[in-house]
Amino acid sequence: CTTANEYNEYDGDGDEWMEFYDVEEKSQPKLFEKVADDVITKQDESNSQVIANCLWAYATNGQIDRNFFKSLAPTASALVGKCTSQNLANIAWAYAVANVAAPSIFNDDFIDACLKKKDDFTLEELSQLHQWHIWQEGLKSN
């Protein structure tokens, strides 16, 4: 899948995200660029899973395009209340890795959403949130 519409039909098995990598697990920058353009253009049609997975994929692969992260911030913020614990952790972690401040996302609504899901977080997700928290503290001290 190479468009935001196809990502919205994501069935959750994870195989679709392998298209970001070739058989040698090398990044495909042109594919990332095309997907970024499509996701930004169609973000209003995207759900929380799509936004979280795209942010996670870009951060994981080191595709740190500040414009991409800043462009998705309003949509990510609007979807916080619909996020799963994994979505919340992935969004937080991705912004920390990208080092892109997003106060429109990381506010009282984000904290409230995390608190509502507190019993759902896995150890890995809690580790991601811990990394995000350390990054947030670093932002405050600068």
# chains A, B, ... in the order shown; residues from 1 in each chain; ligands from 1
call {"tool": "residues_around", "arguments": {"residues": "stretch 99-106 of chain A", "least_positions_apart": "5", "cutoff": "12 Å", "atoms": "only C-alpha atoms", "output": "ChimeraX atom specification"}}
result
/A:55,59,62-81,88-89,91-94,111-114,129,131-140
call {"tool": "select_by_dssp", "arguments": {"residues": "chain A", "states": "helix (DSSP H, G or I)", "output": "number ranges by chain"}}
result
A: 4-8, 15-20, 29-41, 43-45, 48-60, 66-82, 85-98, 108-116, 123-141
call {"tool": "closest_residue", "arguments": {"among": "A:Ser48, A:Thr122, A:Asn61, A:Ser127", "to": "A:Ala98", "atoms": "only C-alpha atoms"}}
result
A:Asn61
call {"tool": "atom_distance", "arguments": {"atom1": "atom CA of A:His130", "atom2": "atom CA of A:Tyr95"}}
result
12.8 Å
call {"tool": "closest_residue", "arguments": {"among": "A:Asn87, A:Leu115, A:Phe110, A:Ser141", "to": "A:Trp56", "atoms": "only C-alpha atoms"}}
result
A:Asn87
call {"tool": "residues_around", "arguments": {"residues": "A:Phe32", "least_positions_apart": "4", "cutoff": "8 Å", "atoms": "only C-alpha atoms", "output": "PyMOL selection string"}}
result
chain A and resi 20+28+36+58+63
